[in-house]
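Undergrad: Pasting input_15.pdb below, which is PDB, C-alpha atoms, pLDDT in the B column.
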```pdb
ATOM      1  CA  MET A 617       3.100   8.385  -1.057  1.00 42.00           C
ATOM      2  CA  PRO A 618       6.121   7.375   1.032  1.00 54.00           C
ATOM      3  CA  THR A 619       5.614   4.562   3.490  1.00 58.00           C
ATOM      4  CA  GLU A 620       7.274   4.421   6.890  1.00 62.00           C
ATOM      5  CA  ASP A 621       8.330   1.856   9.455  1.00 60.00           C
ATOM      6  CA  ALA A 622       9.947   3.540  12.456  1.00 53.00           C
ATOM      7  CA  GLY A 623      11.718   2.536  15.606  1.00 50.00           C
ATOM      8  CA  ALA A 624      10.756   4.191  18.886  1.00 44.00           C
ATOM      9  CA  VAL A 625      12.678   7.472  18.931  1.00 49.00           C
ATOM     10  CA  ASP A 626      11.558   9.557  21.905  1.00 57.00           C
ATOM     11  CA  SER A 627      13.077  12.994  21.254  1.00 82.00           C
ATOM     12  CA  LEU A 628      14.314  15.093  18.369  1.00 92.00           C
ATOM     13  CA  PRO A 629      17.791  13.955  17.275  1.00 97.00           C
ATOM     14  CA  GLU A 630      20.817  16.154  16.772  1.00 97.00           C
ATOM     15  CA  LEU A 631      21.683  14.379  13.510  1.00 98.00           C
ATOM     16  CA  SER A 632      19.578  12.658  10.865  1.00 99.00           C
ATOM     17  CA  ILE A 633      21.457  10.343   8.486  1.00 99.00           C
ATOM     18  CA  VAL A 634      19.524   9.651   5.283  1.00 99.00           C
ATOM     19  CA  ILE A 635      20.578   6.632   3.210  1.00 99.00           C
ATOM     20  CA  PRO A 636      18.844   5.740  -0.075  1.00 99.00           C
ATOM     21  CA  THR A 637      18.584   2.058  -0.957  1.00 98.00           C
ATOM     22  CA  PHE A 638      17.737   0.147  -4.114  1.00 98.00           C
ATOM     23  CA  ASN A 639      18.297  -3.620  -4.168  1.00 98.00           C
ATOM     24  CA  GLU A 640      20.930  -3.463  -1.410  1.00 98.00           C
ATOM     25  CA  GLU A 641      20.191  -6.791   0.307  1.00 98.00           C
ATOM     26  CA  ARG A 642      23.871  -7.827   0.076  1.00 96.00           C
ATOM     27  CA  ILE A 643      25.290  -4.851   1.946  1.00 96.00           C
ATOM     28  CA  VAL A 644      22.703  -3.119   4.101  1.00 98.00           C
ATOM     29  CA  GLU A 645      23.176  -5.227   7.247  1.00 98.00           C
ATOM     30  CA  GLU A 646      26.955  -4.882   7.037  1.00 97.00           C
ATOM     31  CA  SER A 647      26.589  -1.121   6.595  1.00 97.00           C
ATOM     32  CA  VAL A 648      24.435  -0.859   9.716  1.00 98.00           C
ATOM     33  CA  ALA A 649      26.912  -2.984  11.679  1.00 97.00           C
ATOM     34  CA  ARG A 650      29.732  -0.638  10.647  1.00 95.00           C
ATOM     35  CA  MET A 651      27.852   2.611  11.055  1.00 97.00           C
ATOM     36  CA  LEU A 652      26.014   2.424  14.371  1.00 97.00           C
ATOM     37  CA  PRO A 653      29.066   1.805  16.608  1.00 95.00           C
ATOM     38  CA  ALA A 654      30.940   4.585  14.809  1.00 94.00           C
ATOM     39  CA  ILE A 655      28.332   7.277  15.456  1.00 95.00           C
ATOM     40  CA  ARG A 656      27.068   6.267  18.888  1.00 92.00           C
ATOM     41  CA  GLY A 657      28.470   8.515  21.572  1.00 86.00           C
ATOM     42  CA  GLY A 658      28.557  11.547  19.286  1.00 85.00           C
ATOM     43  CA  GLY A 659      25.147  12.926  20.228  1.00 92.00           C
ATOM     44  CA  SER A 660      21.603  11.820  19.493  1.00 96.00           C
ATOM     45  CA  PHE A 661      20.877  10.617  15.979  1.00 98.00           C
ATOM     46  CA  GLU A 662      18.461   8.807  13.723  1.00 98.00           C
ATOM     47  CA  VAL A 663      19.210   6.784  10.595  1.00 99.00           C
ATOM     48  CA  ILE A 664      16.545   7.006   7.909  1.00 99.00           C
ATOM     49  CA  PHE A 665      16.728   4.403   5.176  1.00 99.00           C
ATOM     50  CA  SER A 666      14.707   5.497   2.158  1.00 99.00           C
ATOM     51  CA  ASP A 667      14.020   2.534  -0.092  1.00 99.00           C
ATOM     52  CA  ASP A 668      13.416   3.271  -3.755  1.00 98.00           C
ATOM     53  CA  GLY A 669      11.158   0.381  -4.712  1.00 98.00           C
ATOM     54  CA  SER A 670      13.659  -2.454  -4.218  1.00 98.00           C
ATOM     55  CA  ALA A 671      12.663  -5.742  -5.835  1.00 98.00           C
ATOM     56  CA  ASP A 672      14.837  -7.894  -3.562  1.00 98.00           C
ATOM     57  CA  GLN A 673      14.754  -8.451   0.207  1.00 98.00           C
ATOM     58  CA  THR A 674      16.014  -4.970   1.091  1.00 99.00           C
ATOM     59  CA  PRO A 675      12.643  -3.689   2.435  1.00 98.00           C
ATOM     60  CA  ALA A 676      12.186  -6.747   4.669  1.00 98.00           C
ATOM     61  CA  ILE A 677      15.745  -6.470   5.979  1.00 99.00           C
ATOM     62  CA  LEU A 678      15.274  -2.770   6.716  1.00 99.00           C
ATOM     63  CA  ARG A 679      12.039  -3.388   8.598  1.00 98.00           C
ATOM     64  CA  ARG A 680      13.777  -6.020  10.703  1.00 98.00           C
ATOM     65  CA  LEU A 681      16.681  -3.678  11.419  1.00 98.00           C
ATOM     66  CA  ALA A 682      14.234  -0.932  12.461  1.00 98.00           C
ATOM     67  CA  ARG A 683      12.634  -3.305  14.947  1.00 98.00           C
ATOM     68  CA  SER A 684      16.058  -4.176  16.376  1.00 97.00           C
ATOM     69  CA  HIS A 685      17.517  -0.654  16.524  1.00 97.00           C
ATOM     70  CA  THR A 686      15.435   2.236  17.832  1.00 96.00           C
ATOM     71  CA  GLU A 687      17.612   4.738  15.945  1.00 97.00           C
ATOM     72  CA  ILE A 688      16.571   3.333  12.558  1.00 98.00           C
ATOM     73  CA  ARG A 689      13.543   4.501  10.614  1.00 98.00           C
ATOM     74  CA  VAL A 690      12.415   3.302   7.193  1.00 99.00           C
ATOM     75  CA  VAL A 691      10.571   5.291   4.540  1.00 98.00           C
ATOM     76  CA  GLY A 692      10.296   4.705   0.835  1.00 95.00           C
ATOM     77  CA  HIS A 693       8.352   4.299  -2.362  1.00 97.00           C
ATOM     78  CA  GLU A 694       6.516   1.262  -3.691  1.00 95.00           C
ATOM     79  CA  ARG A 695       8.028   1.752  -7.158  1.00 97.00           C
ATOM     80  CA  ASN A 696      11.472   2.854  -8.273  1.00 97.00           C
ATOM     81  CA  ARG A 697      11.548   6.621  -8.827  1.00 97.00           C
ATOM     82  CA  GLY A 698      15.219   7.560  -8.637  1.00 96.00           C
ATOM     83  CA  LYS A 699      17.922   8.401  -6.116  1.00 96.00           C
ATOM     84  CA  GLY A 700      16.835  12.015  -5.855  1.00 97.00           C
ATOM     85  CA  ALA A 701      13.270  11.022  -5.013  1.00 98.00           C
ATOM     86  CA  ALA A 702      14.479   8.556  -2.384  1.00 98.00           C
ATOM     87  CA  ILE A 703      16.720  11.097  -0.667  1.00 99.00           C
ATOM     88  CA  LYS A 704      13.977  13.721  -0.809  1.00 99.00           C
ATOM     89  CA  ALA A 705      11.566  11.361   0.978  1.00 99.00           C
ATOM     90  CA  GLY A 706      14.172  10.668   3.651  1.00 99.00           C
ATOM     91  CA  VAL A 707      15.091  14.312   4.184  1.00 99.00           C
ATOM     92  CA  LEU A 708      11.464  15.435   4.420  1.00 99.00           C
ATOM     93  CA  ALA A 709      10.888  12.725   7.041  1.00 99.00           C
ATOM     94  CA  SER A 710      13.956  13.807   9.032  1.00 99.00           C
ATOM     95  CA  ARG A 711      13.810  15.697  12.320  1.00 98.00           C
ATOM     96  CA  GLY A 712      17.447  16.398  13.090  1.00 98.00           C
ATOM     97  CA  ARG A 713      19.178  19.717  13.619  1.00 98.00           C
ATOM     98  CA  PHE A 714      21.624  18.533  10.966  1.00 98.00           C
ATOM     99  CA  VAL A 715      20.884  16.222   8.028  1.00 99.00           C
ATOM    100  CA  LEU A 716      23.545  14.080   6.366  1.00 99.00           C
ATOM    101  CA  TYR A 717      22.880  12.018   3.287  1.00 99.00           C
ATOM    102  CA  THR A 718      25.294   9.397   2.039  1.00 98.00           C
ATOM    103  CA  ASP A 719      25.412   6.131   0.095  1.00 97.00           C
ATOM    104  CA  ALA A 720      24.334   2.704   1.316  1.00 97.00           C
ATOM    105  CA  ASP A 721      27.760   1.122   0.804  1.00 95.00           C
ATOM    106  CA  LEU A 722      29.334   3.727   3.128  1.00 96.00           C
ATOM    107  CA  VAL A 723      32.152   4.281   0.659  1.00 94.00           C
ATOM    108  CA  TYR A 724      32.748   7.633   2.392  1.00 95.00           C
ATOM    109  CA  GLY A 725      32.417   6.162   5.876  1.00 93.00           C
ATOM    110  CA  VAL A 726      31.114   8.245   8.777  1.00 94.00           C
ATOM    111  CA  ASP A 727      34.433   9.248  10.336  1.00 93.00           C
ATOM    112  CA  GLN A 728      34.080  12.812   9.057  1.00 95.00           C
ATOM    113  CA  VAL A 729      30.713  13.556  10.644  1.00 97.00           C
ATOM    114  CA  ASP A 730      32.200  15.746  13.384  1.00 96.00           C
ATOM    115  CA  ALA A 731      34.168  17.899  10.922  1.00 97.00           C
ATOM    116  CA  TYR A 732      31.088  18.514   8.792  1.00 98.00           C
ATOM    117  CA  ARG A 733      28.946  19.243  11.823  1.00 97.00           C
ATOM    118  CA  ALA A 734      31.572  21.730  13.032  1.00 98.00           C
ATOM    119  CA  ALA A 735      31.442  23.506   9.665  1.00 99.00           C
ATOM    120  CA  LEU A 736      27.684  23.952  10.012  1.00 98.00           C
ATOM    121  CA  ALA A 737      27.969  25.029  13.630  1.00 96.00           C
ATOM    122  CA  GLY A 738      30.553  27.572  12.454  1.00 97.00           C
ATOM    123  CA  GLY A 739      28.161  29.306  10.085  1.00 98.00           C
ATOM    124  CA  ALA A 740      27.854  27.218   6.929  1.00 99.00           C
ATOM    125  CA  ASP A 741      24.421  26.094   5.783  1.00 99.00           C
ATOM    126  CA  LEU A 742      25.622  23.233   3.571  1.00 99.00           C
ATOM    127  CA  ALA A 743      28.866  21.265   3.948  1.00 99.00           C
ATOM    128  CA  ILE A 744      29.413  19.218   0.802  1.00 99.00           C
ATOM    129  CA  GLY A 745      32.056  16.601   0.170  1.00 98.00           C
ATOM    130  CA  SER A 746      34.458  17.185  -2.696  1.00 97.00           C
ATOM    131  CA  ARG A 747      36.535  14.461  -4.276  1.00 93.00           C
ATOM    132  CA  GLY A 748      38.581  17.247  -5.854  1.00 90.00           C
ATOM    133  CA  HIS A 749      39.542  18.821  -2.524  1.00 95.00           C
ATOM    134  CA  PRO A 750      43.334  18.800  -2.015  1.00 95.00           C
ATOM    135  CA  ASP A 751      42.936  17.027   1.341  1.00 96.00           C
ATOM    136  CA  THR A 752      40.671  14.255   0.018  1.00 95.00           C
ATOM    137  CA  ARG A 753      42.113  10.761   0.388  1.00 93.00           C
ATOM    138  CA  PHE A 754      41.386   7.693  -1.748  1.00 88.00           C
ATOM    139  CA  VAL A 755      41.882   4.076  -0.697  1.00 86.00           C
ATOM    140  CA  LEU A 756      41.438   1.603  -3.548  1.00 78.00           C
ATOM    141  CA  HIS A 757      42.925  -1.492  -5.139  1.00 69.00           C
ATOM    142  CA  PRO A 758      45.009  -0.883  -8.291  1.00 75.00           C
ATOM    143  CA  ARG A 759      42.646  -3.073 -10.331  1.00 77.00           C
ATOM    144  CA  HIS A 760      39.876  -0.521  -9.799  1.00 72.00           C
ATOM    145  CA  PHE A 761      41.941   2.400 -11.032  1.00 71.00           C
ATOM    146  CA  PRO A 762      41.039   2.239 -14.771  1.00 79.00           C
ATOM    147  CA  TYR A 763      37.295   2.223 -14.038  1.00 72.00           C
ATOM    148  CA  LEU A 764      37.524   5.010 -11.466  1.00 73.00           C
ATOM    149  CA  SER A 765      39.824   7.009 -13.725  1.00 76.00           C
ATOM    150  CA  LEU A 766      37.194   6.875 -16.491  1.00 81.00           C
ATOM    151  CA  ARG A 767      34.473   7.936 -14.090  1.00 79.00           C
ATOM    152  CA  HIS A 768      36.681  10.759 -12.838  1.00 78.00           C
ATOM    153  CA  ARG A 769      37.257  12.119 -16.353  1.00 85.00           C
ATOM    154  CA  ILE A 770      33.542  11.987 -17.106  1.00 85.00           C
ATOM    155  CA  GLY A 771      32.800  13.629 -13.767  1.00 85.00           C
ATOM    156  CA  VAL A 772      35.249  16.483 -14.383  1.00 88.00           C
ATOM    157  CA  THR A 773      33.615  17.133 -17.756  1.00 91.00           C
ATOM    158  CA  TYR A 774      30.169  17.095 -16.169  1.00 92.00           C
ATOM    159  CA  ILE A 775      31.159  19.522 -13.396  1.00 93.00           C
ATOM    160  CA  ALA A 776      32.678  21.875 -15.974  1.00 94.00           C
ATOM    161  CA  LEU A 777      29.378  21.802 -17.871  1.00 93.00           C
ATOM    162  CA  VAL A 778      27.417  22.412 -14.658  1.00 94.00           C
ATOM    163  CA  ASN A 779      29.531  25.420 -13.738  1.00 94.00           C
ATOM    164  CA  ARG A 780      29.427  26.866 -17.245  1.00 93.00           C
ATOM    165  CA  LEU A 781      25.693  26.370 -17.678  1.00 92.00           C
ATOM    166  CA  LEU A 782      24.512  27.149 -14.161  1.00 94.00           C
ATOM    167  CA  GLY A 783      27.320  29.126 -12.542  1.00 93.00           C
ATOM    168  CA  LEU A 784      27.457  27.035  -9.375  1.00 94.00           C
ATOM    169  CA  GLY A 785      31.169  27.480  -8.758  1.00 94.00           C
ATOM    170  CA  VAL A 786      31.739  24.199  -6.899  1.00 96.00           C
ATOM    171  CA  SER A 787      34.277  21.479  -7.638  1.00 95.00           C
ATOM    172  CA  ASP A 788      32.042  18.441  -7.059  1.00 96.00           C
ATOM    173  CA  THR A 789      28.253  18.357  -7.167  1.00 96.00           C
ATOM    174  CA  GLN A 790      27.889  14.572  -7.198  1.00 94.00           C
ATOM    175  CA  CYS A 791      29.850  13.443  -4.135  1.00 95.00           C
ATOM    176  CA  GLY A 792      27.559  11.288  -2.007  1.00 96.00           C
ATOM    177  CA  PHE A 793      28.412  12.890   1.319  1.00 98.00           C
ATOM    178  CA  LYS A 794      26.594  16.109   2.160  1.00 99.00           C
ATOM    179  CA  MET A 795      25.513  17.585   5.492  1.00 99.00           C
ATOM    180  CA  ILE A 796      22.965  20.393   5.656  1.00 99.00           C
ATOM    181  CA  ARG A 797      21.317  22.330   8.446  1.00 99.00           C
ATOM    182  CA  GLY A 798      18.070  20.513   9.075  1.00 99.00           C
ATOM    183  CA  ASP A 799      15.757  23.467   8.482  1.00 98.00           C
ATOM    184  CA  VAL A 800      17.621  24.365   5.296  1.00 99.00           C
ATOM    185  CA  ALA A 801      17.589  20.768   4.028  1.00 99.00           C
ATOM    186  CA  ARG A 802      13.855  20.405   4.513  1.00 99.00           C
ATOM    187  CA  GLU A 803      13.201  23.795   2.903  1.00 99.00           C
ATOM    188  CA  LEU A 804      15.327  23.050  -0.165  1.00 99.00           C
ATOM    189  CA  PHE A 805      14.148  19.484  -0.712  1.00 99.00           C
ATOM    190  CA  SER A 806      10.527  20.608  -0.511  1.00 98.00           C
ATOM    191  CA  GLU A 807      11.265  22.556  -3.718  1.00 97.00           C
ATOM    192  CA  THR A 808      13.299  19.999  -5.698  1.00 97.00           C
ATOM    193  CA  ARG A 809      11.756  18.285  -8.708  1.00 96.00           C
ATOM    194  CA  ILE A 810      14.600  16.248 -10.233  1.00 95.00           C
ATOM    195  CA  GLU A 811      14.202  12.629  -9.132  1.00 96.00           C
ATOM    196  CA  ASP A 812      17.344  11.122 -10.670  1.00 92.00           C
ATOM    197  CA  PHE A 813      21.067  11.763 -10.210  1.00 87.00           C
ATOM    198  CA  ALA A 814      21.068  15.478 -11.130  1.00 93.00           C
ATOM    199  CA  PHE A 815      19.065  16.277  -8.000  1.00 97.00           C
ATOM    200  CA  ASP A 816      22.279  17.418  -6.266  1.00 97.00           C
ATOM    201  CA  VAL A 817      22.749  20.123  -8.883  1.00 97.00           C
ATOM    202  CA  GLU A 818      19.187  21.359  -8.475  1.00 97.00           C
ATOM    203  CA  LEU A 819      19.616  21.377  -4.692  1.00 98.00           C
ATOM    204  CA  LEU A 820      22.815  23.425  -4.850  1.00 98.00           C
ATOM    205  CA  CYS A 821      21.322  25.864  -7.375  1.00 96.00           C
ATOM    206  CA  LEU A 822      18.385  26.480  -5.065  1.00 97.00           C
ATOM    207  CA  ALA A 823      20.782  26.966  -2.149  1.00 98.00           C
ATOM    208  CA  ARG A 824      22.882  29.501  -4.074  1.00 96.00           C
ATOM    209  CA  MET A 825      19.796  31.408  -5.219  1.00 94.00           C
ATOM    210  CA  ARG A 826      18.545  31.712  -1.650  1.00 96.00           C
ATOM    211  CA  GLY A 827      21.876  32.927  -0.341  1.00 97.00           C
ATOM    212  CA  PHE A 828      22.785  29.900   1.752  1.00 98.00           C
ATOM    213  CA  LYS A 829      26.473  29.441   2.513  1.00 98.00           C
ATOM    214  CA  ILE A 830      28.052  26.364   0.901  1.00 99.00           C
ATOM    215  CA  VAL A 831      31.467  25.054   1.952  1.00 99.00           C
ATOM    216  CA  GLU A 832      33.380  22.191   0.344  1.00 98.00           C
ATOM    217  CA  LEU A 833      35.216  19.748   2.594  1.00 98.00           C
ATOM    218  CA  PRO A 834      37.488  16.765   1.926  1.00 97.00           C
ATOM    219  CA  VAL A 835      36.266  13.190   2.023  1.00 97.00           C
ATOM    220  CA  GLN A 836      37.914   9.848   2.674  1.00 94.00           C
ATOM    221  CA  LEU A 837      36.817   7.466  -0.055  1.00 90.00           C
ATOM    222  CA  ARG A 838      37.388   3.742   0.415  1.00 88.00           C
ATOM    223  CA  TYR A 839      36.378   1.983  -2.788  1.00 80.00           C
ATOM    224  CA  ARG A 840      35.662  -1.725  -2.335  1.00 72.00           C
ATOM    225  CA  GLY A 841      34.615  -2.532  -5.871  1.00 66.00           C
ATOM    226  CA  SER A 842      30.865  -2.335  -5.340  1.00 59.00           C
ATOM    227  CA  PRO A 843      29.064  -1.467  -8.587  1.00 54.00           C
ATOM    228  CA  SER A 844      27.898   2.099  -9.018  1.00 55.00           C
ATOM    229  CA  SER A 845      24.195   2.745  -9.414  1.00 53.00           C
ATOM    230  CA  VAL A 846      25.089   5.255 -12.137  1.00 58.00           C
ATOM    231  CA  ARG A 847      24.909   3.717 -15.617  1.00 60.00           C
ATOM    232  CA  LEU A 848      27.178   5.970 -17.623  1.00 58.00           C
ATOM    233  CA  MET A 849      25.708   5.317 -21.069  1.00 60.00           C
ATOM    234  CA  THR A 850      22.077   5.808 -20.078  1.00 68.00           C
ATOM    235  CA  ASP A 851      22.210   8.114 -17.057  1.00 72.00           C
ATOM    236  CA  ALA A 852      24.723  10.644 -18.425  1.00 75.00           C
ATOM    237  CA  PRO A 853      22.461  11.898 -21.265  1.00 83.00           C
ATOM    238  CA  ARG A 854      19.535  12.117 -18.848  1.00 85.00           C
ATOM    239  CA  MET A 855      21.635  14.128 -16.398  1.00 86.00           C
ATOM    240  CA  ILE A 856      22.519  16.604 -19.148  1.00 87.00           C
ATOM    241  CA  LEU A 857      18.849  16.977 -20.068  1.00 91.00           C
ATOM    242  CA  ASP A 858      18.114  17.558 -16.388  1.00 92.00           C
ATOM    243  CA  LEU A 859      20.698  20.365 -16.346  1.00 93.00           C
ATOM    244  CA  LEU A 860      18.836  22.068 -19.170  1.00 92.00           C
ATOM    245  CA  ALA A 861      15.569  21.622 -17.279  1.00 92.00           C
ATOM    246  CA  ILE A 862      17.137  23.162 -14.167  1.00 94.00           C
ATOM    247  CA  ARG A 863      18.401  26.128 -16.169  1.00 92.00           C
ATOM    248  CA  MET A 864      14.971  26.690 -17.701  1.00 90.00           C
ATOM    249  CA  ARG A 865      13.145  26.430 -14.366  1.00 87.00           C
ATOM    250  CA  ILE A 866      15.605  28.070 -11.985  1.00 84.00           C
ATOM    251  CA  GLY A 867      17.857  30.027 -14.317  1.00 75.00           C
ATOM    252  CA  GLY A 868      21.175  29.048 -12.736  1.00 64.00           C
ATOM    253  CA  ALA A 869      22.915  30.318  -9.618  1.00 62.00           C
ATOM    254  CA  ARG A 870      24.523  33.462 -11.050  1.00 57.00           C
TER     255      ARG A 870
END
```
Please re-express this file's structure in structure tokens.
TA:
Amino acid sequence: MPTEDAGAVDSLPELSIVIPTFNEERIVEESVARMLPAIRGGGSFEVIFSDDGSADQTPAILRRLARSHTEIRVVGHERNRGKGAAIKAGVLASRGRFVLYTDADLVYGVDQVDAYRAALAGGADLAIGSRGHPDTRFVLHPRHFPYLSLRHRIGVTYIALVNRLLGLGVSDTQCGFKMIRGDVARELFSETRIEDFAFDVELLCLARMRGFKIVELPVQLRYRGSPSSVRLMTDAPRMILDLLAIRMRIGGAR
């Protein structure tokens, strides 16, 4: 069962930001220092860190941050279960009208929150970031280009497989910046079963099947060289097997 350590939040927030963590002791304090000033003044919010069984000092740091900042809440699992399980725990604990989930290193920043919130207020149910959007911008050092180029080629192949197998019709399922209407997010995540990286695909399939409106928006990606939690050689085969499991259970989005 998820555990929780919460700050004193008195009323329901407009926005819940869910951030999964796993052994993030090096970056989590810096991320909080960058994030909180950027989103204060834009309406009420809560930040829910969902720790996925970290073996380092991440849980202790998060508990300390929650005591220092009333907007921060901490949930999580005692053992490592996967990014999908961590985000699910955070979303189901959320209370906001809108729910955003993003990565602990804030590689996408939070500057685009207002644009995504406007998309939902304008009638969309899910606003998902797309690295393939023509207006997406990348900021990175040239030395990182070969690695990111390889990941991009693998990602394009994976998305093509997703769309062929499941009929999703989106350009990027795996971008770590998605905002969803709170009621929709909690409904969908209550039904997800995939606990690893293919959880996004399952989520979007469920959304398509239930007739929710999905819009793709650009992101601003600032890559600082932090290692990805995706291990291409071991996680990629598992993600493909998860696609087959999704097709068998849900049947695709067609």
Undergrad: Which is closer to Asp788 of chain A than all the others in A:Val800, A:Ile744, A:Leu756, A:Ile810, using only C-alpha atoms?
TA: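 Looking at the shortest contact to Asp788 of chain A, the residue is A:Ile744.
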Undergrad: Under the PyMOL selection byres ((chain A and resi 764-780) around 9), which residues of this model are included? Write them out as a list in words.
TA: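 That expression, the PyMOL selection byres ((chain A and resi 764-780) around 9), corresponds here to His760, Phe761, Pro762, Tyr763, Leu781, Leu782, Gly783, Leu784, Gly785, Val786, Ser787, Asp788, Thr789, Gln790, Val817, Leu848, Ala852, Ile856 and Leu859 of chain A.
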Undergrad: Please write the residues picked by the PyMOL selection byres ((chain A and resi 751) around 9) on this file as a PyMOL selection string.
TA: chain A and resi 747-750+752-753+833-836
Undergrad: Go ahead and compute the interatomic distance for atom CA of Ile643 of chain A and atom CA of Asp851 of chain A, in Å to one decimal.
TA: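 Atom CA of Asp851 of chain A lies at a distance of 23.2 Å from atom CA of Ile643 of chain A.
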Undergrad: Considering all atoms listed in the file, state which residue in the set A:Ala861, A:Leu652, A:Ile664, A:Met795 is at the smallest distance from Val690 of chain A.
TA: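 Answer, going by the shortest atom-to-atom distance: A:Ile664.
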Undergrad: Excluding Asp730 of chain A and its own-chain neighbours fewer than 5 positions away, which residues fall within 10 Å of it when counting all atoms listed in the file? Please give them as a count of residues only.
TA: 4
Undergrad: Give the padded box for segment 852-869 of chain A as lines of an AutoDock Vina configuration file: axis-aligned, covering all atoms listed in the file, 5 Å on each side, centre and edge lengths in Å to one decimal.
TA:
```
center_x = 18.9
center_y = 20.5
center_z = -15.4
size_x = 21.6
size_y = 29.7
size_z = 21.6
```
Undergrad: Which residues would end up in the selection if the PyMOL selection byres ((chain A and resi 676) around 12) were applied here, given that I need the answer as a ChimeraX atom specification?
TA: /A:621,639-641,644-645,667,669-675,677-683,690
Undergrad: Which residue gives the smallest distance to Leu804 of chain A among A:Glu818, A:Asp858, A:Glu832, A:Glu646, with all atoms listed in the file counted?
TA: A:Glu818
Undergrad: Can you write segment 639-680 of chain A from the block above with C-alpha atoms, as an mmCIF file, in the first residue's frame?
TA:
```
data_model
loop_
_atom_site.group_PDB
_atom_site.id
_atom_site.type_symbol
_atom_site.label_atom_id
_atom_site.label_comp_id
_atom_site.auth_asym_id
_atom_site.auth_seq_id
_atom_site.Cartn_x
_atom_site.Cartn_y
_atom_site.Cartn_z
ATOM 1 C CA ASN A 639 17.100 7.261 -6.293
ATOM 2 C CA GLU A 640 16.961 10.998 -7.054
ATOM 3 C CA GLU A 641 18.893 12.292 -4.026
ATOM 4 C CA ARG A 642 21.251 14.299 -6.280
ATOM 5 C CA ILE A 643 18.576 16.354 -8.008
ATOM 6 C CA VAL A 644 15.339 16.474 -6.045
ATOM 7 C CA GLU A 645 16.172 19.510 -3.887
ATOM 8 C CA GLU A 646 17.383 21.461 -6.916
ATOM 9 C CA SER A 647 14.203 20.536 -8.787
ATOM 10 C CA VAL A 648 12.032 21.830 -5.947
ATOM 11 C CA ALA A 649 14.067 25.045 -5.775
ATOM 12 C CA ARG A 650 13.510 25.589 -9.505
ATOM 13 C CA MET A 651 9.884 24.543 -9.626
ATOM 14 C CA LEU A 652 8.145 26.219 -6.698
ATOM 15 C CA PRO A 653 9.015 29.843 -7.598
ATOM 16 C CA ALA A 654 8.008 29.181 -11.207
ATOM 17 C CA ILE A 655 4.495 27.968 -10.401
ATOM 18 C CA ARG A 656 3.631 30.143 -7.415
ATOM 19 C CA GLY A 657 1.273 32.920 -8.389
ATOM 20 C CA GLY A 658 -0.446 30.818 -11.044
ATOM 21 C CA GLY A 659 -3.253 29.512 -8.844
ATOM 22 C CA SER A 660 -3.384 26.997 -6.021
ATOM 23 C CA PHE A 661 -1.359 23.828 -6.452
ATOM 24 C CA GLU A 662 0.087 20.780 -4.771
ATOM 25 C CA VAL A 663 3.228 18.846 -5.682
ATOM 26 C CA ILE A 664 3.005 15.114 -5.061
ATOM 27 C CA PHE A 665 6.284 13.234 -5.082
ATOM 28 C CA SER A 666 5.682 9.515 -5.530
ATOM 29 C CA ASP A 667 8.762 7.567 -4.513
ATOM 30 C CA ASP A 668 9.236 4.163 -6.100
ATOM 31 C CA GLY A 669 11.190 2.368 -3.395
ATOM 32 C CA SER A 670 14.371 4.465 -3.535
ATOM 33 C CA ALA A 671 17.381 2.889 -1.840
ATOM 34 C CA ASP A 672 19.212 6.187 -1.294
ATOM 35 C CA GLN A 673 18.287 9.268 0.749
ATOM 36 C CA THR A 674 15.478 10.378 -1.566
ATOM 37 C CA PRO A 675 12.625 9.432 0.836
ATOM 38 C CA ALA A 676 14.246 11.284 3.751
ATOM 39 C CA ILE A 677 14.880 14.356 1.602
ATOM 40 C CA LEU A 678 11.283 14.339 0.370
ATOM 41 C CA ARG A 679 9.903 14.089 3.894
ATOM 42 C CA ARG A 680 12.038 17.046 4.930
#
```
